[in-house]
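Structure data follow from input-v4.txt (compact mmCIF, C-alpha atoms):
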# COMPACT_ATOMS: atom_id res chain seq x y z
CA MET A 20 8.64 66.22 -51.76
CA LYS A 21 10.43 69.45 -50.84
CA PHE A 22 12.71 69.76 -47.80
CA PHE A 23 13.23 72.99 -45.89
CA VAL A 24 16.59 73.23 -44.12
CA SER A 25 17.10 76.20 -41.83
CA GLY A 26 19.81 77.33 -39.48
CA GLY A 27 22.11 80.25 -39.08
CA GLY A 28 23.11 83.34 -37.25
CA THR A 29 26.42 81.66 -36.38
CA GLY A 30 28.62 79.10 -38.08
CA GLY A 31 27.67 76.56 -35.43
CA HIS A 32 24.13 76.45 -36.82
CA PHE A 33 24.97 77.14 -40.46
CA PHE A 34 27.80 74.73 -41.31
CA PRO A 35 26.02 71.54 -40.12
CA ALA A 36 22.99 72.62 -42.16
CA LEU A 37 25.25 72.98 -45.21
CA ALA A 38 26.68 69.51 -44.63
CA LEU A 39 23.20 67.99 -44.56
CA ILE A 40 22.17 69.90 -47.68
CA ASP A 41 25.16 68.49 -49.58
CA CYS A 42 24.13 64.95 -48.59
CA MET A 43 20.54 65.60 -49.63
CA LEU A 44 21.51 66.99 -53.02
CA LYS A 45 23.63 63.89 -53.73
CA ARG A 46 20.41 61.91 -53.34
CA ASN A 47 18.55 64.24 -55.72
CA MET A 48 16.34 65.57 -52.94
CA GLU A 49 14.68 68.94 -53.52
CA VAL A 50 15.96 71.37 -50.89
CA LEU A 51 15.24 75.00 -49.99
CA PHE A 52 17.56 76.66 -47.50
CA ILE A 53 15.99 79.28 -45.24
CA GLY A 54 18.21 81.77 -43.45
CA SER A 55 18.32 85.25 -41.98
CA LYS A 56 19.61 88.40 -43.66
CA ARG A 57 21.46 89.21 -40.43
CA GLY A 58 23.42 85.98 -40.04
CA ILE A 59 26.62 84.43 -41.35
CA GLU A 60 24.51 82.47 -43.84
CA TYR A 61 23.66 85.64 -45.76
CA ARG A 62 27.30 86.73 -45.93
CA MET A 63 28.24 83.25 -47.16
CA ARG A 64 25.21 82.74 -49.39
CA GLY A 65 27.45 82.05 -52.38
CA GLN A 66 28.42 78.73 -50.74
CA ILE A 67 24.84 77.48 -50.42
CA PRO A 68 24.40 74.85 -53.17
CA CYS A 69 20.59 74.99 -53.39
CA PRO A 70 17.84 77.61 -53.79
CA SER A 71 17.65 79.92 -50.77
CA MET A 72 15.22 82.25 -49.03
CA PHE A 73 16.40 84.88 -46.55
CA LEU A 74 14.04 86.38 -43.99
CA ASP A 75 14.43 89.76 -42.36
CA MET A 76 14.62 88.38 -38.83
CA ASN A 77 15.67 90.07 -35.60
CA PRO A 78 16.96 88.61 -32.30
CA PHE A 79 14.66 88.51 -29.28
CA VAL A 80 16.93 87.61 -26.36
CA GLY A 81 19.11 90.24 -24.70
CA VAL A 82 17.66 93.28 -26.44
CA SER A 83 15.45 96.25 -25.46
CA LEU A 84 11.65 96.12 -25.31
CA PHE A 85 11.45 98.02 -28.58
CA LYS A 86 13.71 95.50 -30.28
CA LYS A 87 11.75 92.63 -28.75
CA ALA A 88 8.60 94.06 -30.33
CA LYS A 89 10.47 94.39 -33.62
CA ALA A 90 11.59 90.77 -33.33
CA LEU A 91 8.02 89.58 -32.75
CA LEU A 92 6.85 91.54 -35.79
CA SER A 93 9.59 90.02 -37.96
CA LEU A 94 8.69 86.56 -36.62
CA THR A 95 5.03 87.07 -37.58
CA VAL A 96 5.90 88.37 -41.05
CA GLY A 97 8.41 85.57 -41.64
CA THR A 98 5.98 82.89 -40.54
CA LEU A 99 3.21 84.23 -42.79
CA LYS A 100 5.61 84.42 -45.72
CA LEU A 101 6.62 80.78 -45.25
CA ILE A 102 3.10 79.44 -44.77
CA GLY A 103 2.38 80.18 -48.42
CA ASN A 104 5.49 78.25 -49.51
CA VAL A 105 5.14 75.15 -47.34
CA GLY A 106 3.17 72.93 -49.72
CA GLU A 107 4.21 69.34 -49.01
CA ALA A 108 7.49 70.33 -47.35
CA ILE A 109 9.32 68.61 -44.51
CA GLY A 110 11.52 70.83 -42.36
CA VAL A 111 14.86 70.25 -40.65
CA ALA A 112 15.83 73.10 -38.32
CA PHE A 113 19.36 73.55 -36.99
CA GLY A 114 18.58 76.39 -34.61
CA GLY A 115 19.15 80.11 -34.60
CA TYR A 116 16.22 82.47 -34.50
CA VAL A 117 15.47 81.98 -38.20
CA SER A 118 14.38 78.41 -37.42
CA LEU A 119 11.44 79.64 -35.33
CA PRO A 120 9.26 80.91 -38.22
CA VAL A 121 10.13 77.77 -40.19
CA GLY A 122 8.98 75.55 -37.35
CA LEU A 123 5.83 77.58 -36.74
CA ALA A 124 4.85 77.65 -40.42
CA LEU A 125 5.27 73.89 -40.78
CA SER A 126 3.37 73.22 -37.56
CA ILE A 127 0.49 75.49 -38.57
CA ARG A 128 0.23 73.64 -41.88
CA GLY A 129 0.45 70.25 -40.14
CA LYS A 130 3.74 69.26 -41.79
CA SER A 131 6.61 67.32 -40.25
CA LEU A 132 9.32 69.22 -38.41
CA TYR A 133 12.64 67.74 -37.32
CA LEU A 134 15.18 69.50 -35.12
CA HIS A 135 18.93 69.19 -34.72
CA GLU A 136 20.45 70.38 -31.45
CA GLN A 137 24.19 70.87 -31.81
CA ASN A 138 25.09 71.62 -28.20
CA SER A 139 24.71 69.79 -24.90
CA VAL A 140 22.27 72.41 -23.56
CA PRO A 141 19.58 73.33 -26.10
CA SER A 142 18.88 76.76 -27.49
CA LEU A 143 15.70 78.62 -26.63
CA THR A 144 14.50 78.15 -30.22
CA ASN A 145 14.86 74.37 -30.16
CA THR A 146 13.36 74.16 -26.68
CA LEU A 147 10.24 75.92 -27.95
CA LEU A 148 10.04 74.01 -31.24
CA SER A 149 10.53 70.61 -29.60
CA LYS A 150 6.88 70.79 -28.56
CA PHE A 151 5.92 70.57 -32.24
CA SER A 152 8.72 68.47 -33.69
CA LYS A 153 8.47 64.87 -34.79
CA LYS A 154 12.04 64.04 -33.71
CA THR A 155 15.02 65.86 -32.26
CA PHE A 156 18.50 64.83 -33.36
CA ILE A 157 21.24 65.42 -30.79
CA THR A 158 25.04 65.59 -30.73
CA PHE A 159 25.70 65.12 -27.00
CA GLU A 160 24.18 62.58 -24.61
CA TYR A 161 23.68 65.38 -22.08
CA SER A 162 20.96 66.85 -24.34
CA ARG A 163 18.57 63.92 -23.86
CA LYS A 164 17.13 65.20 -20.61
CA PHE A 165 15.88 68.41 -22.23
CA PHE A 166 13.59 66.76 -24.80
CA PRO A 167 10.80 64.16 -24.73
CA LYS A 168 12.76 60.90 -24.64
CA GLU A 169 10.58 59.17 -27.23
CA LYS A 170 11.49 61.87 -29.78
CA VAL A 171 15.28 61.91 -29.29
CA VAL A 172 17.72 60.28 -31.72
CA LYS A 173 21.48 60.68 -31.24
CA THR A 174 22.99 61.19 -34.68
CA GLY A 175 25.99 63.35 -34.00
CA LEU A 176 26.78 66.48 -35.97
CA PRO A 177 26.92 66.60 -39.79
CA VAL A 178 30.37 67.60 -41.05
CA ARG A 179 31.15 69.40 -44.31
CA GLU A 180 32.74 67.55 -47.21
CA ASP A 181 35.59 70.08 -47.41
CA VAL A 182 36.65 68.87 -43.94
CA LEU A 183 36.03 65.15 -44.56
CA LYS A 184 38.08 65.06 -47.76
CA HIS A 185 41.32 65.49 -45.77
CA LEU A 186 40.84 62.38 -43.66
CA THR A 187 43.01 60.33 -46.03
CA MET A 188 45.88 62.82 -45.95
CA SER A 189 48.89 61.85 -43.84
CA LYS A 190 50.03 64.00 -40.95
CA GLU A 191 53.38 64.57 -42.65
CA GLU A 192 51.75 65.68 -45.92
CA ALA A 193 49.48 68.07 -44.06
CA ARG A 194 52.38 69.64 -42.19
CA GLU A 195 54.45 70.01 -45.31
CA SER A 196 51.59 71.71 -47.15
CA LEU A 197 51.38 74.23 -44.29
CA GLY A 198 55.11 74.91 -44.27
CA LEU A 199 55.69 73.08 -40.97
CA GLU A 200 58.36 70.56 -39.98
CA ARG A 201 57.17 67.04 -40.78
CA GLU A 202 58.29 65.36 -37.54
CA ASN A 203 57.74 68.02 -34.86
CA THR A 204 54.99 67.93 -32.25
CA THR A 205 52.31 70.35 -33.45
CA VAL A 206 49.83 72.20 -31.24
CA LEU A 207 46.69 73.87 -32.60
CA VAL A 208 45.16 76.88 -30.86
CA VAL A 209 41.73 77.93 -32.08
CA GLY A 210 39.43 80.28 -30.19
CA GLY A 211 36.33 80.50 -32.32
CA SER A 212 34.54 83.74 -33.07
CA GLN A 213 33.78 84.64 -29.44
CA GLY A 214 36.20 85.28 -26.63
CA ALA A 215 39.33 84.56 -28.66
CA LYS A 216 41.46 87.27 -27.02
CA PHE A 217 41.98 85.28 -23.82
CA LEU A 218 43.18 82.23 -25.76
CA ASN A 219 45.32 84.38 -28.04
CA ASP A 220 47.14 85.94 -25.09
CA LEU A 221 47.52 82.56 -23.40
CA ALA A 222 48.82 80.95 -26.60
CA MET A 223 51.57 83.54 -27.01
CA GLU A 224 52.82 82.72 -23.51
CA PHE A 225 52.45 78.99 -24.15
CA PHE A 226 54.43 78.86 -27.39
CA HIS A 227 57.13 81.05 -25.85
CA CYS A 228 57.69 78.32 -23.23
CA PHE A 229 56.60 75.03 -24.78
CA PRO A 230 58.93 73.10 -27.15
CA ALA A 231 56.57 72.56 -30.08
CA GLN A 232 55.58 74.12 -33.36
CA GLY A 233 52.09 75.46 -33.69
CA ILE A 234 49.15 76.62 -35.73
CA HIS A 235 47.31 79.55 -34.19
CA ILE A 236 43.98 80.70 -35.64
CA THR A 237 43.49 84.12 -34.10
CA GLY A 238 40.40 85.69 -35.64
CA ASN A 239 40.70 88.87 -37.69
CA ARG A 240 40.95 91.29 -34.77
CA ASP A 241 44.13 89.85 -33.23
CA TYR A 242 45.83 88.51 -36.34
CA GLU A 243 48.40 91.28 -36.79
CA ARG A 244 49.24 91.63 -33.10
CA VAL A 245 49.76 87.91 -32.58
CA GLY A 246 51.64 87.44 -35.84
CA ASN A 247 54.05 90.25 -34.96
CA PHE A 248 54.76 88.63 -31.58
CA TYR A 249 55.71 85.26 -33.08
CA ALA A 250 57.83 86.92 -35.76
CA GLU A 251 59.67 89.04 -33.21
CA LYS A 252 60.35 86.02 -30.98
CA LYS A 253 61.19 83.83 -34.01
CA LEU A 254 58.78 81.12 -32.86
CA PRO A 255 57.73 78.28 -35.23
CA VAL A 256 54.01 79.13 -35.21
CA LYS A 257 51.88 79.51 -38.32
CA VAL A 258 49.34 82.28 -37.77
CA LEU A 259 46.02 82.48 -39.59
CA PRO A 260 43.09 84.86 -39.04
CA PHE A 261 40.64 82.23 -40.27
CA CYS A 262 40.84 79.04 -42.29
CA HIS A 263 38.44 77.54 -44.84
CA GLN A 264 40.48 74.31 -45.05
CA MET A 265 40.24 73.12 -41.46
CA GLY A 266 40.64 69.48 -42.46
CA ILE A 267 44.31 70.11 -43.30
CA ILE A 268 44.79 71.94 -40.00
CA TYR A 269 43.31 69.12 -37.91
CA ARG A 270 45.28 66.48 -39.78
CA ALA A 271 48.55 68.34 -39.17
CA CYS A 272 48.12 68.63 -35.39
CA ASP A 273 48.72 66.33 -32.44
CA VAL A 274 46.82 68.23 -29.78
CA SER A 275 44.74 71.38 -29.52
CA ILE A 276 43.96 74.13 -27.06
CA SER A 277 40.48 75.29 -27.93
CA ARG A 278 37.07 76.53 -26.97
CA ALA A 279 34.33 73.89 -26.89
CA GLY A 280 31.77 74.60 -29.58
CA ALA A 281 29.99 71.54 -30.96
CA GLY A 282 31.50 71.93 -34.43
CA THR A 283 35.06 72.21 -33.15
CA ILE A 284 34.64 69.20 -30.87
CA THR A 285 33.11 67.08 -33.62
CA GLU A 286 35.84 67.93 -36.12
CA LEU A 287 38.61 67.33 -33.58
CA SER A 288 37.08 63.94 -32.79
CA LEU A 289 36.84 63.06 -36.46
CA PHE A 290 40.62 63.48 -36.81
CA GLY A 291 41.46 62.01 -33.41
CA VAL A 292 42.99 65.24 -32.07
CA PRO A 293 42.66 65.35 -28.27
CA SER A 294 42.21 68.76 -26.73
CA LEU A 295 42.64 70.90 -23.70
CA PHE A 296 39.26 72.63 -23.65
CA ILE A 297 38.90 76.08 -22.14
CA PRO A 298 35.17 76.70 -22.62
CA TYR A 299 33.94 80.19 -23.43
CA PRO A 300 32.63 81.29 -20.02
CA PHE A 301 29.76 83.36 -21.41
CA SER A 302 28.25 80.78 -23.74
CA ALA A 303 24.47 80.47 -23.47
CA ARG A 304 23.52 78.36 -20.45
CA ASP A 305 27.23 77.42 -20.12
CA HIS A 306 26.77 74.90 -22.92
CA GLN A 307 30.46 74.88 -23.93
CA PHE A 308 31.43 73.59 -20.50
CA TYR A 309 28.96 70.71 -20.73
CA ASN A 310 30.06 69.98 -24.30
CA ALA A 311 33.65 69.65 -23.15
CA LYS A 312 32.83 67.64 -20.02
CA GLU A 313 31.32 64.90 -22.16
CA ILE A 314 34.62 64.53 -24.01
CA GLU A 315 36.58 64.60 -20.76
CA GLU A 316 34.38 61.82 -19.41
CA LEU A 317 35.13 59.79 -22.55
CA GLY A 318 38.84 60.24 -21.85
CA GLY A 319 39.40 62.29 -24.99
CA GLY A 320 40.39 65.63 -23.49
CA ILE A 321 40.84 67.79 -20.41
CA VAL A 322 38.63 70.69 -19.33
CA ILE A 323 39.89 73.77 -17.50
CA ARG A 324 37.64 76.70 -16.65
CA GLN A 325 38.95 80.00 -18.03
CA GLU A 326 39.47 81.47 -14.55
CA GLU A 327 41.70 78.49 -13.70
CA ALA A 328 43.65 78.44 -16.97
CA SER A 329 47.08 79.67 -15.92
CA LEU A 330 50.13 79.08 -18.10
CA GLU A 331 51.34 76.41 -15.67
CA SER A 332 48.02 74.50 -15.64
CA VAL A 333 47.81 74.61 -19.43
CA ILE A 334 51.34 73.27 -19.89
CA ARG A 335 50.68 70.45 -17.40
CA ALA A 336 47.48 69.49 -19.21
CA VAL A 337 49.08 69.46 -22.66
CA GLU A 338 52.05 67.45 -21.36
CA HIS A 339 49.65 64.92 -19.80
CA ILE A 340 47.74 64.54 -23.07
CA MET A 341 50.96 64.06 -25.03
CA THR A 342 52.22 61.44 -22.54
CA GLU A 343 49.02 59.40 -23.02
CA TRP A 344 48.37 60.54 -26.58
CA LYS A 345 47.28 57.21 -28.09
CA ALA A 346 44.58 56.67 -25.46
CA PHE A 347 43.34 60.27 -25.64
CA SER A 348 43.24 60.15 -29.45
CA LYS A 349 41.35 56.86 -29.52
CA ASN A 350 38.83 58.08 -26.96
CA ILE A 351 38.01 61.39 -28.62
CA ARG A 352 37.67 59.65 -31.98
CA SER A 353 34.88 57.51 -30.51
CA PHE A 354 32.66 60.58 -30.11
CA HIS A 355 31.99 61.36 -33.76
CA ASN A 356 29.46 59.50 -35.87
CA PRO A 357 30.84 59.54 -39.44
CA SER A 358 27.38 58.65 -40.79
CA ALA A 359 25.50 61.53 -39.16
CA CYS A 360 24.08 62.90 -42.41
CA GLU A 361 22.99 59.50 -43.66
CA GLN A 362 21.31 58.70 -40.36
CA ILE A 363 19.36 61.98 -40.35
CA ILE A 364 18.18 61.46 -43.93
CA LYS A 365 17.10 57.92 -43.11
CA GLU A 366 15.09 59.18 -40.12
CA ILE A 367 13.24 61.87 -42.09
CA TYR A 368 12.85 60.23 -45.50
CA TYR A 369 12.30 56.52 -44.98

Show the structure stored in the file as structure tokens.
Amino acid sequence: MKFFVSGGGTGGHFFPALALIDCMLKRNMEVLFIGSKRGIEYRMRGQIPCPSMFLDMNPFVGVSLFKKAKALLSLTVGTLKLIGNVGEAIGVAFGGYVSLPVGLALSIRGKSLYLHEQNSVPSLTNTLLSKFSKKTFITFEYSRKFFPKEKVVKTGLPVREDVLKHLTMSKEEARESLGLERENTTVLVVGGSQGAKFLNDLAMEFFHCFPAQGIHITGNRDYERVGNFYAEKKLPVKVLPFCHQMGIIYRACDVSISRAGAGTITELSLFGVPSLFIPYPFSARDHQFYNAKEIEELGGGIVIRQEEASLESVIRAVEHIMTEWKAFSKNIRSFHNPSACEQIIKEIYY
């Protein structure tokens, strides 16, 4: 039996797919990854541990009529290309527009399709494919209402092994490895790939006023500007444009100020790091806000809309989390399912 795993365009779709592939390969399952030549998965294809196929796909939403027609053509070509490779395959789609031809090809051939929806509000691709899927795996409870209830299974989000391997590291060891003081309160600021400038500007003000050391992941565009600011002010903040070893970062920190992508929330919960969430205000269907609200309702974080995120409100929120840190940490930790990969494999294979 061959398994198709698709997902990409952004890291939010791609990294959970990679995590599931790793689990499958450990069980000697035959896997083919299917991605797009336009997405992050193609740029990071060297990290994919199984045979891969990349389709020349184009986005459909938010583009001109000409580009919509081009997208439909690429969808047709991609679907036809996959139909000839389906055989006895089972598909697991993690979203992104590359998952659409995978789902259509499997459905046309009468093969089983499973979906994973990372966010609280589903993507257009998964909404369409849910009509053909056997089951839909979800991360957030809020997602249930968007899919046929008899098909929904809450599994949580698969997490990569390079993150999980740092769970046994102590906070002090993690801080020392990053060149930070072992005993100081440590605040993480991470903005994700979209809309990071607002958080970067806010973080510079925050660390200038708040008595803590920090780790600030800026993105490539703002790295030099932000780093120069901290150096000039002699502030104890480690600045990184991006980090491939996020497990160490999470383990080193007490609290975060972050956007509210599903991957970030899941990884924060895994390490018990409560967060002040400032959701990206332009996320599709406002899904980051609903992601974060679920954690706030669990008692694992605080949500502030970007337009309300003043320096004063941010400091008050972080101080409140630190005052009740044990309760916040325990509550956010309850969100993650550490057996997400195993549960998904059990659902599709047994």

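Of the residues listed (A:Asp305, A:Glu107, A:Glu326, A:Glu195), A:Asp305 shows the shortest atom-to-atom separation from Ser142 in chain A; distances use only C-alpha atoms.
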
For this session: Compile the contact shell of Pro70 in chain A as a ChimeraX atom specification: residues with an atom at most 8 Å away, counting all atoms listed in the file, same-chain residues fewer than 5 positions apart removed.
Result: /A:50-52

May I have the residues at most 12 Å from (52.5, 79.9, -44.8) in the file's coordinates, counting all atoms listed in the file, as a PDB file with C-alpha atoms, in the frame of the given file?
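Final output, saved to selection_30.pdb:
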ATOM      1  CA  ARG A 194      52.380  69.640 -42.190  1.00  0.00           C
ATOM      2  CA  GLU A 195      54.450  70.010 -45.310  1.00  0.00           C
ATOM      3  CA  SER A 196      51.590  71.710 -47.150  1.00  0.00           C
ATOM      4  CA  LEU A 197      51.380  74.230 -44.290  1.00  0.00           C
ATOM      5  CA  GLY A 198      55.110  74.910 -44.270  1.00  0.00           C
ATOM      6  CA  LEU A 199      55.690  73.080 -40.970  1.00  0.00           C
ATOM      7  CA  GLY A 233      52.090  75.460 -33.690  1.00  0.00           C
ATOM      8  CA  ILE A 234      49.150  76.620 -35.730  1.00  0.00           C
ATOM      9  CA  HIS A 235      47.310  79.550 -34.190  1.00  0.00           C
ATOM     10  CA  GLY A 246      51.640  87.440 -35.840  1.00  0.00           C
ATOM     11  CA  PRO A 255      57.730  78.280 -35.230  1.00  0.00           C
ATOM     12  CA  VAL A 256      54.010  79.130 -35.210  1.00  0.00           C
ATOM     13  CA  LYS A 257      51.880  79.510 -38.320  1.00  0.00           C
ATOM     14  CA  VAL A 258      49.340  82.280 -37.770  1.00  0.00           C
ATOM     15  CA  LEU A 259      46.020  82.480 -39.590  1.00  0.00           C
ATOM     16  CA  CYS A 262      40.840  79.040 -42.290  1.00  0.00           C
TER      17      CYS A 262
END

Exercise. Near Ser149 in chain A, within 12 Å and counting all atoms listed in the file, which residues show up once chain neighbours fewer than 4 positions away are dropped, as a ChimeraX atom specification?
Worked result: /A:111-114,118-119,122-123,126,131-136,141-145,153-157,163,165-171

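Of the listed residues A:Ala336, A:Phe296, A:Leu147, A:Val182, the one whose atoms come nearest to Ile268 in chain A is A:Val182, with distances taken using all atoms listed in the file.
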
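The closest residue to Phe23 in chain A, picked from A:Ala193, A:Val206, A:Met43, A:Val245 and counting all atoms listed in the file, is A:Met43.
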
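Between CA of Gly115 in chain A and CA of Lys86 in chain A there is a distance of 16.9 Å.
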
Problem set entry | Long-range neighbours of Phe159 in chain A as an MDAnalysis selection string, 8 Å cut-off, all atoms listed in the file, 4 positions minimum in chain | chainID A and resid 137:139 163 173 175 310 313

Problem set entry | Spatial neighbours of Glu327 in chain A, max dist 12 Å, all atoms listed in the file, sep filter under 4 positions, as a ChimeraX atom specification | /A:296-298,300,322-323,331-333

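The spacing separating CA of His355 in chain A from CA of Val178 in chain A amounts to 9.7 Å.
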
I'd like a table as JSON lines: residues in range 215-325 of chain A with an atom no more than 9 Å from range 347-350 of chain A, each row giving the shortest atom pair and its distance in Å to one decimal, all atoms listed in the file counted, sorted by chain and rising residue number.
{"residue": "A:Asp273", "atom": "CA", "partner": "A:Ser348", "partner_atom": "CA", "distance": 8.8}
{"residue": "A:Val274", "atom": "CA", "partner": "A:Ser348", "partner_atom": "CA", "distance": 8.8}
{"residue": "A:Ser288", "atom": "CA", "partner": "A:Ser348", "partner_atom": "CA", "distance": 8.0}
{"residue": "A:Phe290", "atom": "CA", "partner": "A:Ser348", "partner_atom": "CA", "distance": 8.5}
{"residue": "A:Gly291", "atom": "CA", "partner": "A:Ser348", "partner_atom": "CA", "distance": 4.7}
{"residue": "A:Val292", "atom": "CA", "partner": "A:Ser348", "partner_atom": "CA", "distance": 5.7}
{"residue": "A:Pro293", "atom": "CA", "partner": "A:Ser348", "partner_atom": "CA", "distance": 5.4}
{"residue": "A:Ser294", "atom": "CA", "partner": "A:Phe347", "partner_atom": "CA", "distance": 8.6}
{"residue": "A:Ile314", "atom": "CA", "partner": "A:Asn350", "partner_atom": "CA", "distance": 8.2}
{"residue": "A:Leu317", "atom": "CA", "partner": "A:Asn350", "partner_atom": "CA", "distance": 6.0}
{"residue": "A:Gly318", "atom": "CA", "partner": "A:Asn350", "partner_atom": "CA", "distance": 5.5}
{"residue": "A:Gly319", "atom": "CA", "partner": "A:Phe347", "partner_atom": "CA", "distance": 4.5}
{"residue": "A:Gly320", "atom": "CA", "partner": "A:Phe347", "partner_atom": "CA", "distance": 6.5}
